[in-house]
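S.K.: Got a file for you: structure31.txt, compact mmCIF, C-alpha atoms and all ligand atoms.
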```
# COMPACT_ATOMS: atom_id res chain seq x y z
CA MET A 267 91.17 110.66 53.38
CA SER A 268 89.67 108.77 56.33
CA THR A 269 91.37 108.80 59.71
CA VAL A 270 92.33 105.32 60.86
CA TYR A 271 93.50 104.45 64.37
CA THR A 272 95.00 101.39 65.97
CA LEU A 273 96.64 100.89 69.39
CA PHE A 274 99.85 99.01 70.17
CA CYS A 275 100.81 97.91 73.66
CA THR A 276 103.87 95.88 72.93
CA ASP A 277 107.67 95.95 73.09
CA VAL A 278 108.15 93.82 69.98
CA ILE A 279 106.62 94.10 66.57
CA HIS A 280 105.76 90.76 65.00
CA GLU A 281 103.90 89.63 61.90
CA GLY A 282 100.54 89.96 63.68
CA HIS A 283 101.13 93.68 64.23
CA LEU A 284 102.33 94.16 60.65
CA ASN A 285 99.22 92.41 59.41
CA ILE A 286 97.05 94.88 61.33
CA ILE A 287 99.06 97.84 59.98
CA ASN A 288 98.76 96.61 56.41
CA LYS A 289 94.99 96.15 56.68
CA ALA A 290 94.54 99.44 58.52
CA ARG A 291 96.51 101.60 56.09
CA GLU A 292 94.23 100.45 53.25
CA LEU A 293 91.39 102.31 54.98
CA GLY A 294 93.04 105.75 55.11
CA ASP A 295 95.68 107.76 56.99
CA LEU A 296 96.92 105.57 59.82
CA THR A 297 97.70 106.89 63.28
CA VAL A 298 99.09 104.34 65.75
CA GLY A 299 98.66 104.88 69.46
CA VAL A 300 101.34 103.67 71.87
CA LEU A 301 100.03 102.91 75.34
CA ASN A 302 101.79 104.79 78.14
CA ASP A 303 103.60 103.00 81.00
CA ASP A 304 100.88 103.21 83.63
CA ALA A 305 98.18 101.91 81.30
CA MET A 306 100.42 99.17 79.97
CA ILE A 307 101.18 97.92 83.48
CA ARG A 308 97.49 97.94 84.41
CA TYR A 309 96.39 96.09 81.36
CA ASN A 310 98.94 94.10 79.51
CA ARG A 311 102.39 93.61 80.95
CA PHE A 312 105.36 95.44 82.28
CA PRO A 313 107.20 97.32 79.50
CA THR A 314 110.81 96.32 78.84
CA LEU A 315 111.34 99.36 76.61
CA SER A 316 110.78 102.98 77.60
CA LEU A 317 107.78 104.84 76.20
CA GLU A 318 110.11 106.82 73.92
CA GLU A 319 111.64 103.60 72.61
CA ARG A 320 108.20 102.12 71.98
CA VAL A 321 107.17 105.24 70.05
CA GLU A 322 110.34 105.04 67.94
CA LEU A 323 109.70 101.34 67.26
CA VAL A 324 106.29 102.09 65.77
CA LYS A 325 107.43 105.22 63.90
CA GLY A 326 109.82 103.06 61.90
CA ILE A 327 107.04 100.90 60.42
CA GLU A 328 106.07 101.52 56.80
CA GLY A 329 102.55 102.81 56.38
CA VAL A 330 102.33 104.56 59.76
CA LYS A 331 101.51 108.23 59.20
CA ASP A 332 101.54 109.41 62.79
CA VAL A 333 102.29 108.03 66.27
CA ILE A 334 100.63 109.33 69.43
CA VAL A 335 100.65 108.30 73.08
CA GLN A 336 97.42 106.82 74.44
CA ASN A 337 97.19 107.49 78.19
CA SER A 338 94.52 104.96 79.11
CA VAL A 339 93.46 101.57 77.80
CA MET A 340 90.08 103.18 77.23
CA TYR A 341 89.51 105.15 74.05
CA ASP A 342 87.57 108.24 75.30
CA GLU A 343 90.48 110.68 74.88
CA ILE A 344 91.24 109.29 71.39
CA PHE A 345 87.67 109.76 70.21
CA GLU A 346 87.49 113.26 71.70
CA THR A 347 90.68 114.44 70.02
CA LEU A 348 91.31 112.32 66.92
CA LYS A 349 87.71 111.37 66.05
CA PRO A 350 88.83 108.37 63.96
CA ASP A 351 86.63 107.09 61.13
CA PHE A 352 87.98 103.61 61.73
CA VAL A 353 89.37 101.92 64.83
CA VAL A 354 91.23 98.78 63.83
CA HIS A 355 91.70 96.05 66.46
CA GLY A 356 92.55 92.35 66.57
CA ASP A 357 89.54 90.10 67.21
CA ASN A 358 91.07 88.69 70.42
CA TRP A 359 88.31 89.90 72.77
CA GLY A 360 88.59 86.77 74.91
CA ASP A 361 88.79 87.93 78.51
CA ALA A 362 86.77 90.32 80.66
CA ALA A 363 89.35 93.10 80.32
CA MET A 364 89.23 92.93 76.53
CA GLN A 365 85.42 92.91 76.65
CA THR A 366 85.51 96.13 78.70
CA ILE A 367 87.75 97.73 76.09
CA LYS A 368 85.47 96.61 73.28
CA ALA A 369 82.44 98.02 75.09
CA ASN A 370 84.30 101.30 75.56
CA ILE A 371 85.10 101.55 71.82
CA GLU A 372 81.48 100.80 70.95
CA LYS A 373 80.24 103.41 73.44
CA ASN A 374 82.50 106.02 71.86
CA ILE A 375 81.45 105.07 68.33
CA GLU A 376 77.82 105.60 69.35
CA LYS A 377 78.72 109.07 70.63
CA TYR A 378 81.19 110.24 67.97
CA GLY A 379 80.55 107.99 64.97
CA GLY A 380 83.15 105.80 63.27
CA LYS A 381 83.50 102.08 62.76
CA LEU A 382 85.29 99.24 64.53
CA VAL A 383 87.17 97.00 62.11
CA GLU A 384 88.23 93.67 63.57
CA ILE A 385 91.19 91.81 62.12
CA PRO A 386 91.62 88.08 62.84
CA TYR A 387 94.39 87.72 65.45
CA THR A 388 97.52 86.01 64.15
CA TYR A 389 98.03 82.78 66.13
CA ASN A 390 101.08 80.82 65.02
CA GLU A 391 104.25 79.24 66.39
CA ASN A 392 106.41 82.25 65.58
CA VAL A 393 104.15 84.78 67.32
CA LYS A 394 103.83 82.45 70.31
CA LYS A 395 107.61 82.10 70.52
CA ILE A 396 108.10 85.87 70.52
CA ASP A 397 105.48 86.22 73.23
CA ASP A 398 107.07 83.48 75.35
CA ARG A 399 110.50 85.11 75.01
CA MET A 400 109.07 88.37 76.32
CA MET A 401 107.70 86.60 79.38
CA GLU A 402 111.07 84.91 79.97
CA LYS A 403 112.81 88.28 79.80
CA LEU A 404 110.47 89.64 82.46
CA ALA A 405 111.22 86.66 84.71
CA LEU A 406 115.02 87.00 84.57
CA PRO A 407 116.55 88.05 87.91
CA ASP A 408 118.06 91.36 86.76
CA PHE A 409 114.87 92.56 85.16
CA ARG A 410 112.56 91.37 87.93
CA ARG A 411 114.70 92.79 90.73
CA ALA A 412 114.76 96.25 89.15
CA ARG A 413 111.05 96.27 88.51
CA LEU A 414 109.93 97.35 91.98
CA LYS A 415 111.94 100.58 91.87
CA LYS A 416 110.74 101.17 88.32
CA VAL A 417 107.09 100.69 89.18
CA LEU A 418 107.47 103.00 92.20
CA GLY A 419 108.41 105.70 89.71
CA MET A 420 105.50 104.94 87.42
CA ARG A 421 102.49 104.64 89.72
CA ASP A 422 101.04 106.78 92.51
CA VAL A 423 100.65 103.74 94.69
CA VAL A 424 102.00 100.23 94.26
CA LYS A 425 99.72 97.35 95.24
CA ILE A 426 101.34 94.18 96.53
CA MET A 427 99.48 90.93 97.23
CA GLN A 428 100.41 88.06 99.54
CA VAL A 429 101.46 84.73 98.02
CA HIS A 430 102.67 81.51 99.64
CA SER A 431 103.06 79.05 96.74
CA GLY A 432 103.40 78.71 92.99
CA LEU A 433 99.63 78.61 92.60
CA THR A 434 98.96 81.76 94.64
CA GLY A 435 101.83 83.40 92.70
CA LEU A 436 100.07 82.53 89.46
CA ILE A 437 96.81 84.03 90.71
CA VAL A 438 98.50 87.33 91.60
CA GLU A 439 100.44 87.27 88.33
CA LYS A 440 97.35 86.80 86.18
CA THR A 441 94.41 88.44 87.95
CA VAL A 442 93.17 91.43 86.00
CA VAL A 443 89.96 93.25 86.84
CA SER A 444 87.99 95.77 84.88
CA GLU A 445 85.62 98.18 86.56
CA ASP A 446 84.45 101.75 86.05
CA ASP A 447 85.94 101.83 82.58
CA ASN A 448 89.39 100.96 83.91
CA ILE A 449 91.60 97.92 84.20
CA ASP A 450 94.00 97.02 86.97
CA GLN A 451 96.23 94.30 88.37
CA PHE A 452 98.66 93.81 91.26
CA ASP A 453 102.18 95.19 90.94
CA GLY A 454 103.98 92.54 92.94
CA MET A 455 103.97 89.82 95.59
CA TRP A 456 104.52 89.67 99.35
CA LEU A 457 106.16 86.59 100.86
CA SER A 458 104.60 86.89 104.30
CA SER A 459 106.28 85.20 107.28
CA LEU A 460 102.84 84.66 108.84
CA CYS A 461 101.44 82.92 105.77
CA ASP A 462 104.58 81.02 104.86
CA SER A 463 104.68 79.68 108.45
CA THR A 464 100.94 79.01 108.76
CA ASP A 465 100.87 77.15 105.45
CA ARG A 466 103.50 74.81 106.90
CA GLY A 467 101.52 74.41 110.12
CA LYS A 468 104.14 76.35 112.10
CA PRO A 469 103.84 79.49 114.29
CA ASP A 470 105.12 82.83 112.99
CA ILE A 471 108.19 83.01 115.28
CA GLU A 472 111.08 82.82 112.79
CA LEU A 473 110.94 79.05 113.18
CA VAL A 474 110.54 78.61 109.43
CA ASP A 475 114.11 79.48 108.55
CA MET A 476 115.55 81.19 105.48
CA THR A 477 116.33 77.89 103.76
CA SER A 478 112.62 76.99 103.90
CA ARG A 479 111.54 80.49 102.90
CA LEU A 480 113.85 80.28 99.88
CA LYS A 481 112.01 77.16 98.78
CA THR A 482 108.73 79.11 98.62
CA ILE A 483 110.48 81.99 96.87
CA SER A 484 111.93 79.62 94.32
CA GLU A 485 108.51 78.09 93.56
CA VAL A 486 107.02 81.55 93.08
CA LEU A 487 109.94 82.77 90.95
CA ASP A 488 109.55 79.74 88.74
CA VAL A 489 106.06 80.60 87.50
CA THR A 490 105.75 84.40 87.72
CA THR A 491 107.38 87.62 86.52
CA LYS A 492 106.17 90.22 89.05
CA PRO A 493 108.51 91.64 91.70
CA ILE A 494 108.78 90.00 95.11
CA ILE A 495 109.03 91.68 98.50
CA LEU A 496 110.19 89.28 101.20
CA ASP A 497 109.04 89.59 104.78
CA GLY A 498 112.46 89.07 106.36
CA ASP A 499 111.19 89.04 109.99
CA THR A 500 113.89 90.65 112.19
CA GLY A 501 116.60 89.89 109.64
CA GLY A 502 118.15 87.62 112.28
CA LEU A 503 121.76 88.09 113.29
CA THR A 504 123.50 90.82 111.29
CA GLU A 505 126.22 88.28 110.50
CA HIS A 506 123.55 86.09 108.87
CA PHE A 507 121.52 88.92 107.33
CA VAL A 508 124.35 90.00 105.04
CA TYR A 509 124.51 86.55 103.45
CA ASN A 510 120.77 86.50 102.97
CA VAL A 511 120.82 89.91 101.28
CA ARG A 512 123.29 88.54 98.75
CA THR A 513 121.21 85.43 98.11
CA LEU A 514 117.95 87.31 97.72
CA GLU A 515 119.50 89.89 95.44
CA ARG A 516 121.04 87.23 93.22
CA LEU A 517 117.71 85.38 92.93
CA GLY A 518 115.95 88.50 91.67
CA VAL A 519 113.95 89.39 94.81
CA SER A 520 113.37 93.17 94.78
CA ALA A 521 113.19 94.01 98.46
CA VAL A 522 113.41 92.62 101.95
CA ILE A 523 111.54 94.22 104.83
CA ILE A 524 113.08 93.71 108.27
CA GLU A 525 111.43 94.72 111.52
CA ASP A 526 113.04 96.43 114.50
CA LYS A 527 112.41 93.64 116.99
CA THR A 528 114.82 91.40 118.81
CA GLY A 529 114.67 88.11 120.70
CA LEU A 530 111.77 85.74 120.05
CA LYS A 531 109.69 87.44 117.39
CA LYS A 532 105.91 87.15 117.61
CA ASN A 533 103.45 88.32 114.98
CA SER A 534 102.75 92.07 115.21
CA LEU A 535 99.01 91.58 115.19
CA PHE A 536 99.30 90.21 118.76
CA GLY A 537 100.46 93.72 119.71
CA THR A 538 101.13 94.04 123.43
CA GLU A 539 99.16 90.86 124.25
CA VAL A 540 102.46 88.94 124.08
CA ALA A 541 105.98 89.90 125.15
CA GLN A 542 107.86 91.53 122.27
CA THR A 543 111.10 93.47 122.47
CA GLN A 544 112.05 96.31 120.16
CA ASP A 545 115.66 96.51 119.06
CA SER A 546 117.72 99.60 119.93
CA ILE A 547 117.98 102.24 117.23
CA GLU A 548 121.73 101.76 117.20
CA ASN A 549 121.64 97.97 116.67
CA PHE A 550 118.95 98.09 114.04
CA CYS A 551 120.70 100.86 112.11
CA ALA A 552 123.88 98.79 112.15
CA LYS A 553 121.97 95.84 110.67
CA ILE A 554 120.50 98.02 107.90
CA SER A 555 123.89 99.53 107.07
CA ALA A 556 125.57 96.12 107.01
CA GLY A 557 122.94 94.87 104.57
CA LYS A 558 123.31 97.90 102.32
CA ALA A 559 127.08 97.54 102.33
CA VAL A 560 127.06 94.03 100.83
CA GLN A 561 124.54 94.63 98.07
CA ARG A 562 125.87 94.31 94.52
CA THR A 563 123.23 96.26 92.59
CA ASP A 564 121.43 99.59 93.01
CA ASP A 565 118.08 97.87 92.52
CA PHE A 566 117.70 95.78 95.66
CA MET A 567 115.86 97.54 98.47
CA ILE A 568 116.19 97.06 102.22
CA ILE A 569 113.09 98.43 103.87
CA ALA A 570 113.05 99.11 107.61
CA ARG A 571 109.86 98.22 109.46
CA CYS A 572 109.07 100.17 112.59
CA GLU A 573 107.05 98.49 115.34
CA SER A 574 106.66 101.51 117.65
CA LEU A 575 102.92 101.92 117.01
CA ILE A 576 102.32 98.18 117.42
CA LEU A 577 104.14 98.30 120.77
CA GLU A 578 102.26 101.48 121.77
CA LYS A 579 105.40 103.59 122.04
CA GLY A 580 103.82 106.52 120.22
CA GLN A 581 104.39 108.62 117.14
CA GLU A 582 107.46 110.49 118.36
CA ASP A 583 109.33 107.24 118.93
CA ALA A 584 108.25 105.97 115.50
CA LEU A 585 109.40 109.18 113.80
CA GLU A 586 112.76 109.20 115.54
CA ARG A 587 113.37 105.60 114.58
CA CYS A 588 112.22 105.87 110.95
CA HIS A 589 114.35 108.96 110.27
CA ALA A 590 117.34 107.16 111.83
CA TYR A 591 116.74 104.06 109.71
CA VAL A 592 116.67 106.15 106.54
CA LYS A 593 119.92 107.81 107.60
CA ALA A 594 121.44 104.35 108.10
CA GLY A 595 120.65 103.54 104.47
CA ALA A 596 117.11 102.08 104.44
CA ASP A 597 115.52 102.41 101.00
CA GLY A 598 112.06 102.68 102.47
CA ILE A 599 110.20 102.45 105.75
CA MET A 600 107.24 100.35 106.74
CA ILE A 601 105.05 101.66 109.50
CA HIS A 602 102.71 99.11 111.04
CA SER A 603 99.58 99.50 113.14
CA ARG A 604 96.88 97.18 114.42
CA GLN A 605 94.27 99.85 115.04
CA LYS A 606 90.91 99.51 113.33
CA SER A 607 91.12 103.10 112.18
CA PRO A 608 93.90 104.35 109.88
CA LYS A 609 94.22 107.58 111.91
CA GLU A 610 97.53 106.78 113.62
CA ILE A 611 99.01 105.72 110.28
CA PHE A 612 97.78 108.92 108.60
CA ASP A 613 99.14 111.06 111.47
CA PHE A 614 102.51 109.33 111.32
CA CYS A 615 102.79 109.60 107.51
CA ASP A 616 101.79 113.27 107.48
CA ALA A 617 104.43 114.02 110.12
CA PHE A 618 107.10 111.90 108.40
CA ARG A 619 106.45 113.62 105.09
CA GLU A 620 107.02 117.07 106.67
CA THR A 621 110.75 116.41 106.54
CA ASP A 622 111.11 113.44 104.20
CA LYS A 623 109.26 113.83 100.93
CA THR A 624 110.81 110.96 99.00
CA THR A 625 111.57 107.82 101.01
CA PRO A 626 108.95 105.23 100.06
CA ILE A 627 106.46 104.46 102.84
CA VAL A 628 104.97 100.96 103.07
CA VAL A 629 101.82 100.04 104.99
CA VAL A 630 99.92 96.83 105.69
CA PRO A 631 96.22 97.64 106.10
CA THR A 632 95.09 94.36 107.68
CA SER A 633 93.23 95.79 110.68
CA PHE A 634 92.37 99.19 109.14
CA ASN A 635 90.91 97.45 106.12
CA GLU A 636 88.24 99.97 105.18
CA VAL A 637 90.74 102.51 103.94
CA THR A 638 91.19 102.58 100.16
CA ALA A 639 94.45 102.62 98.23
CA GLU A 640 93.67 106.15 97.06
CA GLU A 641 93.18 107.44 100.62
CA LEU A 642 96.47 105.87 101.69
CA ALA A 643 98.24 107.40 98.68
CA SER A 644 96.88 110.83 99.60
CA HIS A 645 98.93 110.61 102.84
CA GLY A 646 102.16 109.96 100.98
CA ILE A 647 102.06 106.16 101.15
CA ASN A 648 103.72 104.46 98.18
CA ILE A 649 103.40 100.72 98.75
CA ILE A 650 100.36 98.88 100.09
CA ILE A 651 100.76 95.26 101.09
CA TYR A 652 97.67 93.05 101.36
CA ALA A 653 99.58 90.73 103.64
CA ASN A 654 97.52 87.61 104.34
CA GLN A 655 94.18 87.54 102.52
CA MET A 656 95.03 84.73 100.09
CA LEU A 657 95.78 82.29 102.90
CA ARG A 658 92.85 83.53 105.00
CA ALA A 659 90.56 82.89 102.03
CA ALA A 660 91.82 79.33 101.57
CA TYR A 661 91.46 78.24 105.21
CA PRO A 662 87.67 78.52 105.66
CA ALA A 663 87.06 77.19 102.15
CA MET A 664 89.14 74.07 102.81
CA THR A 665 87.66 73.51 106.28
CA HIS A 666 84.16 73.77 104.81
CA VAL A 667 84.97 71.11 102.19
CA ALA A 668 86.48 68.77 104.78
CA GLU A 669 83.38 69.08 106.99
CA SER A 670 80.97 68.57 104.11
CA ILE A 671 82.61 65.35 102.91
CA LEU A 672 82.83 63.99 106.43
CA LYS A 673 79.16 64.78 107.16
CA ASN A 674 77.76 63.49 103.88
CA HIS A 675 80.01 60.48 103.39
CA ARG A 676 80.60 61.68 99.82
CA SER A 677 81.68 64.76 97.88
CA ALA A 678 78.58 65.37 95.74
CA GLU A 679 77.19 68.04 98.12
CA ILE A 680 80.31 70.21 97.86
CA GLU A 681 80.83 69.78 94.11
CA GLY A 682 79.01 73.00 93.18
CA GLU A 683 81.25 75.09 95.45
CA ILE A 684 84.63 73.90 94.20
CA ILE A 685 86.40 74.25 90.88
CA PRO A 686 85.31 71.48 88.47
CA PHE A 687 88.02 68.83 88.05
CA LYS A 688 87.81 69.37 84.28
CA GLN A 689 88.95 72.93 84.94
CA ILE A 690 91.63 72.30 87.58
CA ILE A 691 93.57 70.03 85.22
CA ARG A 692 93.78 72.88 82.74
CA ILE A 693 94.63 75.93 84.84
CA ILE A 694 98.35 75.25 84.62
CA ASP A 695 99.72 75.66 81.10
CA GLU A 696 102.09 73.02 79.80
CA LEU A 697 105.20 74.01 77.90
C1 LIG B 1 103.36 89.08 107.76
O1 LIG B 1 102.57 89.05 106.81
O2 LIG B 1 103.95 88.07 108.17
C2 LIG B 1 103.66 90.35 108.42
C3 LIG B 1 102.63 91.39 108.46
O3 LIG B 1 104.72 90.47 108.98
S1 LIG B 1 101.76 91.17 109.96
O4 LIG B 1 101.27 89.81 109.99
O5 LIG B 1 100.70 92.14 109.99
O6 LIG B 1 102.72 91.39 111.05
MG MG B 2 105.79 88.70 109.24
```
Here is the file; what I need is its structure written in the form of structure tokens.

M.R.:
Amino acid sequence: MSTVYTLFCTDVIHEGHLNIINKARELGDLTVGVLNDDAMIRYNRFPTLSLEERVELVKGIEGVKDVIVQNSVMYDEIFETLKPDFVVHGDNWGDAAMQTIKANIEKNIEKYGGKLVEIPYTYNENVKKIDDRMMEKLALPDFRRARLKKVLGMRDVVKIMQVHSGLTGLIVEKTVVSEDDNIDQFDGMWLSSLCDSTDRGKPDIELVDMTSRLKTISEVLDVTTKPIILDGDTGGLTEHFVYNVRTLERLGVSAVIIEDKTGLKKNSLFGTEVAQTQDSIENFCAKISAGKAVQRTDDFMIIARCESLILEKGQEDALERCHAYVKAGADGIMIHSRQKSPKEIFDFCDAFRETDKTTPIVVVPTSFNEVTAEELASHGINIIIYANQMLRAAYPAMTHVAESILKNHRSAEIEGEIIPFKQIIRIIDEL
């Protein structure tokens, strides 16, 4: 009997999957691989069932001889261990990620032998409806809110990207890259105060109030499924913060990060060039505890951001504060720096981890931008926020277009550098 292999990375079995199974089992003994959590998040979408539940789902299908867990979207381990005679796959090789997978299967076939059998993908109303329902489930507040804590348990380091609108949300939702035989995407979105303010032509001084910030959040929630971390500035008055925690939690936001500053807040990247006042440990702890006390779920996270390094108060001050914030109930700490080198962040994290092995650490590598996610993870950092690059990318591009049209008295010169209008009208799907 030939060995036949096919991979499932889904939470629901529909007629398209059954069609593949029926065709595959005709070729020999069928083993179905179930993609593990990490690989599924990188490649396809966030699982709504546990790995065990997904394995059980496939085991119950007639014609499936064996079910195994595939630990990567790439097939190297499968070819090394199972050496299948046939790999059966849908013919939906449309995007770059799928092309990388196809190339990987072909590379392995060249090395180990075997044959790739492609089955026409089932496109119909029913399959589309099931797919759409899955996306809706991911977007519901309860599921989305819980997703940040879940993903923290699934990945070594969680990568969060800045958004400031529905469109930027869509980009972070959908961008998938494939490189070095692997596939990856962002785990969530950062609603930056700097970018939300700048996009409205306002300074980053808590002038753009929560009502306005909620408008941006609502636009992003409307078109995405990934978890949201809100930059909550100082959190404002404790008496106001508690109401905002409730609102954010109810909307499905996963976390708010508040910083230990008081008075007129200025952006941290100004450092000591402008007057900035740090809150007392006592006051800030009281704000954190008040926020934690009003929360209705276990999923919502209040993360305490420490500005001691920004304000050049040193590591000891930062450590004292961060340990106190955790004691007051913070679900994570964010340590910020505006140094070009990551050394002070590494030193702080190493020292913090001596006594606290579990509290998630968040960093924002804007100024120390040469450090990689892997290096940060090796110092115990769990969440990396790329806090402003989407807006910073848009600004020079838009200025360049404005200058070109003004100089040339027409838009022909810039046409080659901007998205064709035939494309822009199609990037947003209609229902
Ligand atoms: C933001 O993105 O608004 C932040 C991070 O608070 S920073 O700008 O680095 O202070
Ligand atoms: Mg901010």

S.K.: Taking all atoms listed in the file into account, which residues have an atom no farther than 6 Å from ligand LIG 1 (chain B)? I'd like them as a ChimeraX atom specification.

M.R.: /A:458-460,533-535,653-654

S.K.: Store the residues picked out above in a file with C-alpha atoms, as a compact mmCIF listing (two decimals), keeping the file's coordinate frame.

M.R.:
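The new file part-v6.txt reads:
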```txt
# COMPACT_ATOMS: atom_id res chain seq x y z
CA SER A 458 104.60 86.89 104.30
CA SER A 459 106.28 85.20 107.28
CA LEU A 460 102.84 84.66 108.84
CA ASN A 533 103.45 88.32 114.98
CA SER A 534 102.75 92.07 115.21
CA LEU A 535 99.01 91.58 115.19
CA ALA A 653 99.58 90.73 103.64
CA ASN A 654 97.52 87.61 104.34
```

S.K.: Need to verify the contact set: range 680-684 of chain A, 12 Å, all atoms listed in the file, exclusion of same-chain residues closer than 4 positions in sequence. Can you return it as a ChimeraX atom specification?

M.R.: /A:660,663-676,688-690

S.K.: Around (100.6, 103.7, 81.0) in the file's frame, which residues reach within 10 Å when counting all atoms listed in the file? Return as a VMD selection string?

M.R.: chain A and resid 275 300 to 310 312 to 313 317 335 to 339 420 to 421

S.K.: Extract, using only C-alpha atoms, all DNA, RNA and protein residues at most 10 Å from Asn358 in chain A, discarding same-chain residues fewer than 3 positions from it, and format them as a PyMOL selection string.

M.R.: chain A and resi 355+361+364-365+384-388

S.K.: Export, as a CSV table (one decimal), keeping the file's coordinate frame, the selected residues with C-alpha atoms.

M.R.:
```
chain,number,residue,atom,x,y,z
A,355,HIS,CA,91.7,96.0,66.5
A,361,ASP,CA,88.8,87.9,78.5
A,364,MET,CA,89.2,92.9,76.5
A,365,GLN,CA,85.4,92.9,76.6
A,384,GLU,CA,88.2,93.7,63.6
A,385,ILE,CA,91.2,91.8,62.1
A,386,PRO,CA,91.6,88.1,62.8
A,387,TYR,CA,94.4,87.7,65.4
A,388,THR,CA,97.5,86.0,64.2
```

S.K.: Which residues are near Arg479 in chain A? Cut-off 12 Å, all atoms listed in the file, ignore same chain within fewer than 2 positions. Put them as a ChimeraX atom specification.

M.R.: /A:429-431,457-463,465-466,472-477,481-486,496-499,510,513-514

S.K.: If you measure from CA of Arg692 in chain A to CA of Leu436 in chain A, what distance in Å do you get, rounded to one decimal?

M.R.: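 Atom-to-atom, CA of Arg692 in chain A and CA of Leu436 in chain A are spaced 13.3 Å apart.
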
S.K.: So, with all atoms listed in the file as the atoms that count, which of A:Leu284, A:Ile334, A:Ala559, A:Ile651 lies closest to ligand MG 2 (chain B)?

M.R.: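 With all atoms listed in the file as the atom set, the closest residue is A:Ile651.
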
S.K.: In Å, rounded to a single decimal, give me how far CA of Met656 in chain A is from CA of Asp597 in chain A.

M.R.: 27.1 Å

S.K.: Quick one: residues within 6 Å of range 449-453 of chain A, only C-alpha atoms counted, chain neighbours fewer than 4 positions away excluded, as a ChimeraX atom specification?

M.R.: /A:308-309,425-426,442-444

S.K.: So which one's closest to ligand MG 2 (chain B), A:Phe409, A:Tyr509, A:Phe274, A:Phe536? Using all atoms listed in the file, please.

M.R.: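 Closest residue, counting all atoms listed in the file: A:Phe536.
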
S.K.: So, with only C-alpha atoms as the atoms that count, which of A:Glu322, A:Asp470, A:Asp616, A:Glu573 lies closest to Lys531 in chain A?

M.R.: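 For Lys531 in chain A, the nearest of the given residues is A:Asp470.
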
S.K.: Separation of CA of Thr490 in chain A and CA of Ala521 in chain A, in Å?

M.R.: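 Value for the CA of Thr490 in chain A-CA of Ala521 in chain A distance: 16.2 Å.
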
S.K.: With a distance cut-off of 12 Å and all atoms listed in the file, select the neighbouring residues of Phe566 in chain A, excluding the residue or stretch itself and same-chain residues fewer than 3 positions from it, and output the selection as number ranges by chain.

M.R.: A: 407-416, 493-496, 511-523, 557-563, 569, 596-598

S.K.: Compare A:Tyr661, A:Phe618, A:Tyr341, A:Tyr389 by their minimum atom-to-atom distance to Gly356 in chain A, counting all atoms listed in the file, and give me the closest one.

M.R.: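 The shortest atom-to-atom distance to Gly356 in chain A comes from A:Tyr389.
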
S.K.: So which one's closest to Met600 in chain A, A:Pro662, A:Gly580, A:Gly502, A:Pro631? Using only C-alpha atoms, please.

M.R.: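 Among the listed residues, the smallest separation from Met600 in chain A belongs to A:Pro631.
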